[in-house]
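Q: Enclosed is the structure file start_17.tsv (TSV, C-alpha atoms).
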chain	number	residue	atom	x	y	z
O	1	MET	CA	-48.73	68.70	-68.31
O	2	ARG	CA	-45.48	69.98	-66.82
O	3	PHE	CA	-43.65	72.93	-68.33
O	4	PHE	CA	-39.95	73.71	-68.37
O	5	ASP	CA	-37.85	76.66	-69.42
O	6	LEU	CA	-34.19	77.43	-70.07
O	7	ALA	CA	-32.69	80.70	-68.86
O	8	ASN	CA	-29.32	82.14	-69.83
O	9	PHE	CA	-28.50	83.18	-66.29
O	10	THR	CA	-28.14	81.53	-62.91
O	11	ASP	CA	-30.02	82.60	-59.80
O	12	ASP	CA	-30.62	80.72	-56.56
O	13	ALA	CA	-34.19	82.05	-56.43
O	14	LEU	CA	-35.11	80.56	-59.82
O	15	GLY	CA	-36.74	77.53	-58.17
O	16	ALA	CA	-39.50	79.31	-56.25
O	17	PHE	CA	-39.81	81.97	-58.96
O	18	GLY	CA	-40.27	79.29	-61.61
O	19	LYS	CA	-43.04	77.63	-59.60
O	20	ARG	CA	-44.96	80.93	-59.45
O	21	LEU	CA	-44.57	81.31	-63.21
O	22	GLY	CA	-46.07	77.86	-63.77
O	23	TYR	CA	-42.91	75.88	-64.54
O	24	GLU	CA	-41.91	72.57	-63.01
O	25	LYS	CA	-38.30	73.74	-63.28
O	26	ILE	CA	-36.28	76.48	-64.95
O	27	PHE	CA	-32.94	75.16	-66.19
O	28	SER	CA	-29.90	77.43	-66.36
O	29	ALA	CA	-27.52	77.57	-69.31
O	30	GLY	CA	-24.01	76.99	-68.03
O	31	LYS	CA	-25.22	75.02	-65.01
O	32	ASP	CA	-27.67	72.37	-66.29
O	33	VAL	CA	-26.71	72.51	-69.95
O	34	GLU	CA	-23.83	74.00	-71.94
O	35	ILE	CA	-24.46	76.36	-74.83
O	36	ILE	CA	-21.65	75.99	-77.37
O	37	ASP	CA	-21.02	77.38	-80.84
O	38	ALA	CA	-18.81	74.50	-81.97
O	39	VAL	CA	-18.17	71.00	-80.69
O	40	ARG	CA	-14.71	70.54	-79.23
O	41	GLY	CA	-14.00	67.19	-77.61
O	42	ASP	CA	-16.77	65.12	-76.08
O	43	SER	CA	-17.73	65.65	-72.46
O	44	GLN	CA	-20.72	64.02	-70.79
O	45	LYS	CA	-22.50	67.28	-69.97
O	46	ARG	CA	-25.59	67.99	-72.05
O	47	LYS	CA	-24.99	70.57	-74.76
O	48	ILE	CA	-26.95	72.74	-77.15
O	49	VAL	CA	-25.20	73.95	-80.29
O	50	MET	CA	-26.05	77.61	-80.88
O	51	SER	CA	-24.74	78.36	-84.35
O	52	ASP	CA	-25.74	79.32	-87.88
O	53	SER	CA	-22.79	77.43	-89.37
O	54	ALA	CA	-23.91	74.29	-91.20
O	55	GLU	CA	-20.56	72.66	-90.44
O	56	ALA	CA	-20.85	73.23	-86.68
O	57	VAL	CA	-24.43	71.97	-86.69
O	58	ALA	CA	-23.55	68.82	-88.66
O	59	LYS	CA	-20.66	68.07	-86.32
O	60	GLY	CA	-22.83	68.68	-83.27
O	61	LEU	CA	-25.60	66.39	-84.45
O	62	LYS	CA	-23.15	63.47	-84.42
O	63	GLN	CA	-22.35	63.93	-80.73
O	64	GLY	CA	-24.42	62.00	-78.24
O	65	SER	CA	-24.17	64.69	-75.58
O	66	VAL	CA	-25.71	67.34	-77.87
O	67	ILE	CA	-29.46	67.47	-77.31
O	68	GLY	CA	-30.36	70.03	-79.94
O	69	ILE	CA	-29.62	72.97	-82.17
O	70	MET	CA	-30.51	76.60	-81.53
O	71	PRO	CA	-30.18	78.91	-84.55
O	72	ARG	CA	-28.45	82.14	-83.55
O	73	SER	CA	-30.12	84.44	-86.01
O	74	ALA	CA	-30.50	83.10	-89.56
O	75	SER	CA	-33.24	80.79	-90.68
O	76	VAL	CA	-32.57	77.07	-90.77
O	77	SER	CA	-32.19	75.29	-94.12
O	78	ARG	CA	-34.27	72.29	-95.12
O	79	LYS	CA	-31.11	70.17	-95.20
O	80	THR	CA	-30.31	71.07	-91.59
O	81	LEU	CA	-33.88	70.34	-90.51
O	82	ASP	CA	-33.74	66.89	-92.13
O	83	ALA	CA	-30.41	66.24	-90.38
O	84	ILE	CA	-31.92	67.26	-87.02
O	85	LYS	CA	-34.90	64.99	-87.58
O	86	ASN	CA	-32.77	62.01	-88.67
O	87	SER	CA	-30.48	62.34	-85.65
O	88	GLU	CA	-33.51	62.61	-83.32
O	89	LYS	CA	-32.39	65.91	-81.83
O	90	LEU	CA	-34.43	68.98	-81.05
O	91	LEU	CA	-34.75	72.44	-82.57
O	92	PHE	CA	-34.68	75.16	-79.94
O	93	LEU	CA	-36.43	78.46	-80.55
O	94	ASN	CA	-35.06	81.37	-78.53
O	95	VAL	CA	-37.96	83.64	-77.60
O	96	SER	CA	-36.25	86.41	-75.63
O	97	GLN	CA	-34.32	87.59	-78.68
O	98	ILE	CA	-37.76	88.48	-80.08
O	99	THR	CA	-39.50	89.81	-76.98
O	100	CYS	CA	-36.51	91.86	-75.78
O	101	ALA	CA	-35.86	93.42	-79.19
O	102	GLU	CA	-37.45	96.70	-80.25
O	103	GLY	CA	-38.83	98.27	-83.40
O	104	ASN	CA	-37.90	96.88	-86.80
O	105	SER	CA	-35.42	94.44	-85.27
O	106	ARG	CA	-38.25	92.76	-83.40
O	107	LEU	CA	-40.39	92.51	-86.52
O	108	GLN	CA	-37.54	90.94	-88.50
O	109	ARG	CA	-36.75	88.42	-85.79
O	110	LEU	CA	-40.41	87.56	-85.39
O	111	ALA	CA	-40.82	86.95	-89.13
O	112	ARG	CA	-37.69	84.80	-89.17
O	113	ALA	CA	-38.79	82.79	-86.13
O	114	ARG	CA	-42.23	82.18	-87.59
O	115	GLY	CA	-40.64	80.97	-90.82
O	116	THR	CA	-38.30	78.66	-88.92
O	117	ALA	CA	-41.15	77.26	-86.83
O	118	ARG	CA	-43.28	76.68	-89.92
O	119	SER	CA	-40.45	74.92	-91.77
O	120	ALA	CA	-39.70	72.78	-88.72
O	121	MET	CA	-43.34	71.74	-88.38
O	122	MET	CA	-43.54	70.85	-92.07
O	123	ALA	CA	-40.34	68.79	-91.75
O	124	LYS	CA	-41.76	67.16	-88.59
O	125	VAL	CA	-38.82	68.26	-86.46
O	126	PRO	CA	-39.55	68.38	-82.70
O	127	ILE	CA	-39.51	71.98	-81.49
O	128	VAL	CA	-38.66	73.29	-78.03
O	129	VAL	CA	-39.59	76.87	-77.17
O	130	VAL	CA	-37.34	78.40	-74.50
O	131	SER	CA	-36.97	81.92	-73.25
O	132	MET	CA	-33.11	81.99	-72.97
O	133	ALA	CA	-33.63	85.13	-70.90
O	134	GLU	CA	-30.46	87.04	-70.03
O	135	ASP	CA	-32.01	88.35	-66.82
O	136	LYS	CA	-35.16	88.15	-64.74
O	137	GLU	CA	-36.89	90.86	-66.80
O	138	GLY	CA	-36.57	88.75	-69.92
O	139	MET	CA	-38.48	85.82	-68.40
O	140	MET	CA	-42.12	85.00	-69.09
O	141	SER	CA	-44.71	82.89	-67.32
O	142	SER	CA	-45.73	79.53	-68.80
O	143	LEU	CA	-49.06	81.05	-69.78
O	144	GLN	CA	-47.28	83.78	-71.75
O	145	MET	CA	-44.84	81.29	-73.32
O	146	LEU	CA	-47.79	79.25	-74.61
O	147	GLU	CA	-49.22	82.40	-76.18
O	148	VAL	CA	-45.87	83.32	-77.74
O	149	ALA	CA	-45.52	79.78	-79.12
O	150	GLY	CA	-49.00	80.16	-80.61
O	151	PHE	CA	-47.94	83.52	-82.02
O	152	LEU	CA	-45.02	81.76	-83.76
O	153	GLY	CA	-47.46	79.42	-85.47
O	154	LEU	CA	-47.69	76.40	-83.16
O	155	ASP	CA	-51.17	75.15	-82.32
O	156	HIS	CA	-52.11	74.75	-78.66
O	157	ALA	CA	-51.19	71.05	-78.42
O	158	ARG	CA	-47.82	71.55	-80.10
O	159	ALA	CA	-47.11	74.59	-77.95
O	160	LYS	CA	-47.64	72.50	-74.80
O	161	GLU	CA	-45.35	69.79	-76.14
O	162	ALA	CA	-42.75	72.43	-77.00
O	163	LEU	CA	-42.69	73.58	-73.38
O	164	ASN	CA	-42.73	70.04	-72.00
O	165	ALA	CA	-40.00	68.46	-74.14
O	166	LEU	CA	-37.03	69.77	-72.15
O	167	GLY	CA	-38.03	67.95	-68.98
O	168	GLY	CA	-37.29	64.50	-70.33
O	169	LEU	CA	-33.79	65.43	-71.42
O	170	LEU	CA	-32.29	67.37	-68.53
B	1	MET	CA	-82.77	93.88	-69.28
B	2	ILE	CA	-79.41	94.38	-67.56
B	3	PHE	CA	-76.43	94.54	-69.82
B	4	ARG	CA	-73.34	93.20	-68.08
B	5	ARG	CA	-69.95	93.11	-69.73
B	6	LYS	CA	-68.23	89.77	-69.49
B	7	MET	CA	-64.75	90.32	-68.07
B	8	ARG	CA	-61.69	88.26	-67.46
B	9	TYR	CA	-59.06	89.19	-64.90
B	10	LEU	CA	-55.30	88.56	-65.04
B	11	MET	CA	-53.02	88.51	-62.00
B	12	VAL	CA	-49.73	90.05	-63.09
B	13	GLU	CA	-46.43	90.13	-61.22
B	14	ALA	CA	-43.79	92.68	-62.12
B	15	SER	CA	-40.06	92.09	-61.70
B	16	GLU	CA	-39.78	95.18	-59.49
B	17	SER	CA	-42.04	97.53	-57.53
B	18	VAL	CA	-44.55	99.28	-59.78
B	19	ALA	CA	-47.03	101.80	-58.41
B	20	MET	CA	-50.05	100.76	-60.44
B	21	ASN	CA	-52.32	103.13	-58.51
B	22	ASP	CA	-50.44	106.03	-60.17
B	23	PRO	CA	-52.39	107.18	-63.28
B	24	LYS	CA	-49.16	108.02	-65.11
B	25	ARG	CA	-47.82	104.49	-64.63
B	26	ILE	CA	-51.10	102.99	-65.77
B	27	ASP	CA	-51.00	105.19	-68.86
B	28	MET	CA	-47.43	104.05	-69.64
B	29	LEU	CA	-48.38	100.39	-69.37
B	30	LYS	CA	-51.40	100.93	-71.60
B	31	ARG	CA	-49.20	102.63	-74.18
B	32	GLU	CA	-46.86	99.64	-74.18
B	33	LEU	CA	-49.82	97.32	-74.76
B	34	LEU	CA	-51.24	99.59	-77.45
B	35	SER	CA	-47.92	99.75	-79.32
B	36	PHE	CA	-47.73	95.97	-79.49
B	37	LEU	CA	-51.38	95.03	-80.02
B	38	GLY	CA	-52.44	97.83	-82.32
B	39	GLU	CA	-55.53	100.01	-82.00
B	40	LEU	CA	-58.34	97.64	-82.91
B	41	PRO	CA	-57.24	94.61	-80.79
B	42	TYR	CA	-56.39	96.98	-77.91
B	43	PHE	CA	-59.83	98.59	-77.87
B	44	LYS	CA	-61.53	95.22	-78.22
B	45	ALA	CA	-59.59	93.95	-75.19
B	46	ASN	CA	-60.02	97.21	-73.22
B	47	PRO	CA	-57.39	96.49	-70.53
B	48	GLN	CA	-57.83	98.32	-67.20
B	49	VAL	CA	-55.88	98.04	-63.95
B	50	ALA	CA	-58.49	96.66	-61.54
B	51	ALA	CA	-56.54	96.32	-58.27
B	52	GLN	CA	-53.07	96.43	-56.77
B	53	LEU	CA	-52.37	93.55	-54.38
B	54	ASN	CA	-48.85	94.47	-53.28
B	55	ASP	CA	-46.00	96.59	-54.65
B	56	LYS	CA	-45.28	94.08	-57.45
B	57	VAL	CA	-48.56	92.24	-58.07
B	58	PHE	CA	-51.66	93.77	-59.62
B	59	ILE	CA	-54.81	92.71	-61.46
B	60	ILE	CA	-55.70	93.73	-65.00
B	61	SER	CA	-59.19	93.34	-66.39
B	62	ALA	CA	-59.91	92.60	-70.03
B	63	ASN	CA	-63.00	91.80	-72.07
B	64	ARG	CA	-63.61	88.06	-72.14
B	65	GLY	CA	-62.02	86.40	-75.12
B	66	TYR	CA	-59.19	88.92	-75.33
B	67	GLU	CA	-57.30	88.14	-72.12
B	68	ARG	CA	-54.81	86.02	-74.06
B	69	ASN	CA	-53.96	89.02	-76.21
B	70	ILE	CA	-53.26	91.02	-73.06
B	71	ALA	CA	-51.06	88.22	-71.67
B	72	LEU	CA	-49.15	88.17	-74.96
B	73	GLY	CA	-48.83	91.95	-74.94
B	74	LEU	CA	-47.44	91.87	-71.40
B	75	ALA	CA	-44.82	89.33	-72.53
B	76	PHE	CA	-43.56	91.92	-75.01
B	77	ALA	CA	-43.80	94.90	-72.64
B	78	LYS	CA	-40.29	95.16	-71.22
B	79	LYS	CA	-40.08	98.86	-70.27
B	80	LEU	CA	-41.93	101.13	-67.88
B	81	ASP	CA	-40.96	104.71	-67.16
B	82	GLY	CA	-37.62	104.21	-68.92
B	83	ARG	CA	-36.69	101.25	-66.72
B	84	LYS	CA	-36.41	97.63	-67.72
B	85	VAL	CA	-39.33	95.70	-66.17
B	86	GLY	CA	-40.71	92.21	-66.75
B	87	PHE	CA	-44.45	91.46	-66.47
B	88	TYR	CA	-45.46	87.89	-65.73
B	89	THR	CA	-49.08	86.76	-66.08
B	90	ILE	CA	-49.46	84.39	-63.16
B	91	ARG	CA	-53.13	83.43	-63.39
B	92	THR	CA	-56.40	84.35	-65.08
B	93	SER	CA	-59.89	84.11	-63.67
B	94	GLY	CA	-63.44	85.32	-64.14
B	95	THR	CA	-63.56	87.03	-60.75
B	96	ILE	CA	-61.25	89.31	-58.79
B	97	ARG	CA	-62.11	87.45	-55.59
B	98	SER	CA	-60.62	84.15	-56.77
B	99	LEU	CA	-57.43	85.93	-57.85
B	100	LYS	CA	-57.15	87.55	-54.42
B	101	ASP	CA	-57.57	84.08	-52.85
B	102	SER	CA	-54.83	82.73	-55.13
B	103	PHE	CA	-52.63	85.68	-54.22
B	104	ARG	CA	-52.97	84.88	-50.53
B	105	LYS	CA	-52.01	81.25	-51.17
B	106	ILE	CA	-49.05	81.99	-53.46
B	107	TYR	CA	-47.40	85.02	-51.83
What's the structure tokens form of this structure?
A:
Amino acid sequence: MRFFDLANFTDDALGAFGKRLGYEKIFSAGKDVEIIDAVRGDSQKRKIVMSDSAEAVAKGLKQGSVIGIMPRSASVSRKTLDAIKNSEKLLFLNVSQITCAEGNSRLQRLARARGTARSAMMAKVPIVVVSMAEDKEGMMSSLQMLEVAGFLGLDHARAKEALNALGGLL
Amino acid sequence: MIFRRKMRYLMVEASESVAMNDPKRIDMLKRELLSFLGELPYFKANPQVAAQLNDKVFIISANRGYERNIALGLAFAKKLDGRKVGFYTIRTSGTIRSLKDSFRKIY
């Protein structure tokens, strides 16, 4: 199975680096996909809505160019999860905000992410686990990402699907 | 009867040069792993730096069955000696020799 990741920075060396880490490709936010907090207009470029606002999420789910929703910090409501499932979009889980945090902040974010992942699995919403690393130090290998996905509550098969899902869309 | 521990080895690449033959650096990395894993899982895994292949790539040994915990711990270890460092688990194997062969092919 092929694995993909999404980084929040652009680097020419990401191609060879990604191969060493076990990824087929590492996509860059800003270059391969836009990360937006609210939908304005409708361009053809693939977008991910990164917002906790229910209004922004609902508006984004109606756009064809939006491929999924990434909660910024708060947990996702059941209503939002149902809307994501009905519109056949994806739920993105940002891992680097957990791994790069420290102390109590990390524990809180981990608990929240586990809750979100659990709710999404119960609602049968497709999940994508991405690093969204701000720099090279925030990245992880595919082997580590599978372990982190397992740590968030996904079983091994689902964790592999979560790392594979991005490839078909971008 | 010969008692042999069953080990698993992880090839780890760091984002910058790390002198993993320096005992102080090794101690710092172990502390990072200990702080994330906790005492009991850490001592069950028993991570040790087995070899340094170049300035960024080294091999860690762990008791078999606990190498995934070490890989997870390395994903959360983002600091070494006050500097921001990333640790990427490239490959795991039952022997150091096969990891050294992989290293020659990859790097």
Q: My list of candidates is O:Gly167, O:Gly138, O:Gly153, O:Gly68. Which is closest to Lys78 of chain B when distances are computed with all atoms listed in the file?
A: O:Gly138
Q: Would you write out, as a tab-separated table, a table of all residues in chain O that have an atom no more than 12 Å from an atom of chain B, listing for each the closest atom pair and the distance in Å to one decimal, considering all atoms listed in the file and ordering rows by chain and rising residue number?
A:
residue	atom	partner	partner_atom	distance
O:Ala16	CA	B:Ile106	CA	10.3
O:Phe17	CA	B:Ser15	CA	10.5
O:Gly18	CA	B:Ile90	CA	10.6
O:Lys19	CA	B:Ile106	CA	9.6
O:Arg20	CA	B:Ile90	CA	6.8
O:Leu21	CA	B:Ile90	CA	5.8
O:Gly22	CA	B:Ile90	CA	7.4
O:Tyr23	CA	B:Ile90	CA	10.8
O:Val95	CA	B:Ala75	CA	10.3
O:Ser96	CA	B:Phe76	CA	9.2
O:Gln97	CA	B:Phe76	CA	10.8
O:Ile98	CA	B:Phe76	CA	8.4
O:Thr99	CA	B:Phe76	CA	5.0
O:Cys100	CA	B:Lys78	CA	6.8
O:Ala101	CA	B:Phe76	CA	8.9
O:Glu102	CA	B:Phe76	CA	9.4
O:Gly103	CA	B:Phe36	CA	10.0
O:Arg106	CA	B:Phe76	CA	10.0
O:Leu107	CA	B:Phe36	CA	10.7
O:Leu110	CA	B:Phe76	CA	11.7
O:Ser131	CA	B:Ala75	CA	10.8
O:Ala133	CA	B:Gly86	CA	10.8
O:Glu134	CA	B:Gly86	CA	11.9
O:Asp135	CA	B:Gly86	CA	9.5
O:Lys136	CA	B:Ser15	CA	7.0
O:Glu137	CA	B:Gly86	CA	4.1
O:Gly138	CA	B:Gly86	CA	6.3
O:Met139	CA	B:Gly86	CA	7.0
O:Met140	CA	B:Tyr88	CA	5.5
O:Ser141	CA	B:Tyr88	CA	5.3
O:Ser142	CA	B:Ile90	CA	8.3
O:Leu143	CA	B:Thr89	CA	6.8
O:Gln144	CA	B:Leu72	CA	5.8
O:Met145	CA	B:Ala75	CA	8.1
O:Leu146	CA	B:Leu72	CA	9.0
O:Glu147	CA	B:Leu72	CA	5.9
O:Val148	CA	B:Leu72	CA	6.5
O:Ala149	CA	B:Leu72	CA	10.0
O:Gly150	CA	B:Leu72	CA	9.8
O:Phe151	CA	B:Leu72	CA	8.5
O:Leu152	CA	B:Leu72	CA	11.6
Q: What's around Asp81 of chain B at 12 Å? Count only C-alpha atoms, leave out sequence neighbours fewer than 2 positions away in its own chain, and write the answer as a list in words.
A: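 Answer for this query is Val18, Ala19, Met20, Asp22, Lys24, Arg25, Ile26, Asp27, Met28, Leu29, Lys30, Arg31, Glu32, Ala77, Lys78, Lys79, Arg83, Lys84 and Val85 of chain B.
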Q: Residues near segment 30-44 of chain O, anyone? I mean within 9 Å using only C-alpha atoms, not counting same-chain ones fewer than 2 positions away, as a ChimeraX atom specification.
A: /O:6,8-10,27-28,46-53,55-57,59-60,63-66,170
Q: What gap, in Å, lies between atom CA of Tyr9 of chain B and atom CA of Met1 of chain O?
A: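 Spanning atom CA of Tyr9 of chain B to atom CA of Met1 of chain O is a straight-line distance of 23.2 Å.
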Q: Between atom CA of Ile69 of chain O and atom CA of Leu93 of chain O, what distance in Å does the model show, to one decimal?
A: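 The value is 8.9 Å.
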Q: Atom CA of Leu10 of chain B and atom CA of Leu99 of chain B are how many Å apart?
A: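 Straight-line distance from atom CA of Leu10 of chain B to atom CA of Leu99 of chain B works out to 7.9 Å.
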Q: From the list O:Thr80, O:Ser73, O:Gly15, O:Lys160, which residue is nearest Ser105 of chain O when using only C-alpha atoms?
A: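 Answer, going by the shortest atom-to-atom distance: O:Ser73.
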Q: Have a look at B:Phe43, B:Ala51, B:Ser17, B:Leu80 and name the one nearest to Thr95 of chain B; count all atoms listed in the file.
A: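 Among the listed residues, B:Ala51 lies closest to Thr95 of chain B.
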Q: Identify which of the residues B:Arg64, B:Pro47, B:Met11, B:Glu39 lies closest to Lys100 of chain B, counting all atoms listed in the file when measuring atom-to-atom distances.
A: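 Residue with the minimum atom-to-atom distance to Lys100 of chain B: B:Met11.
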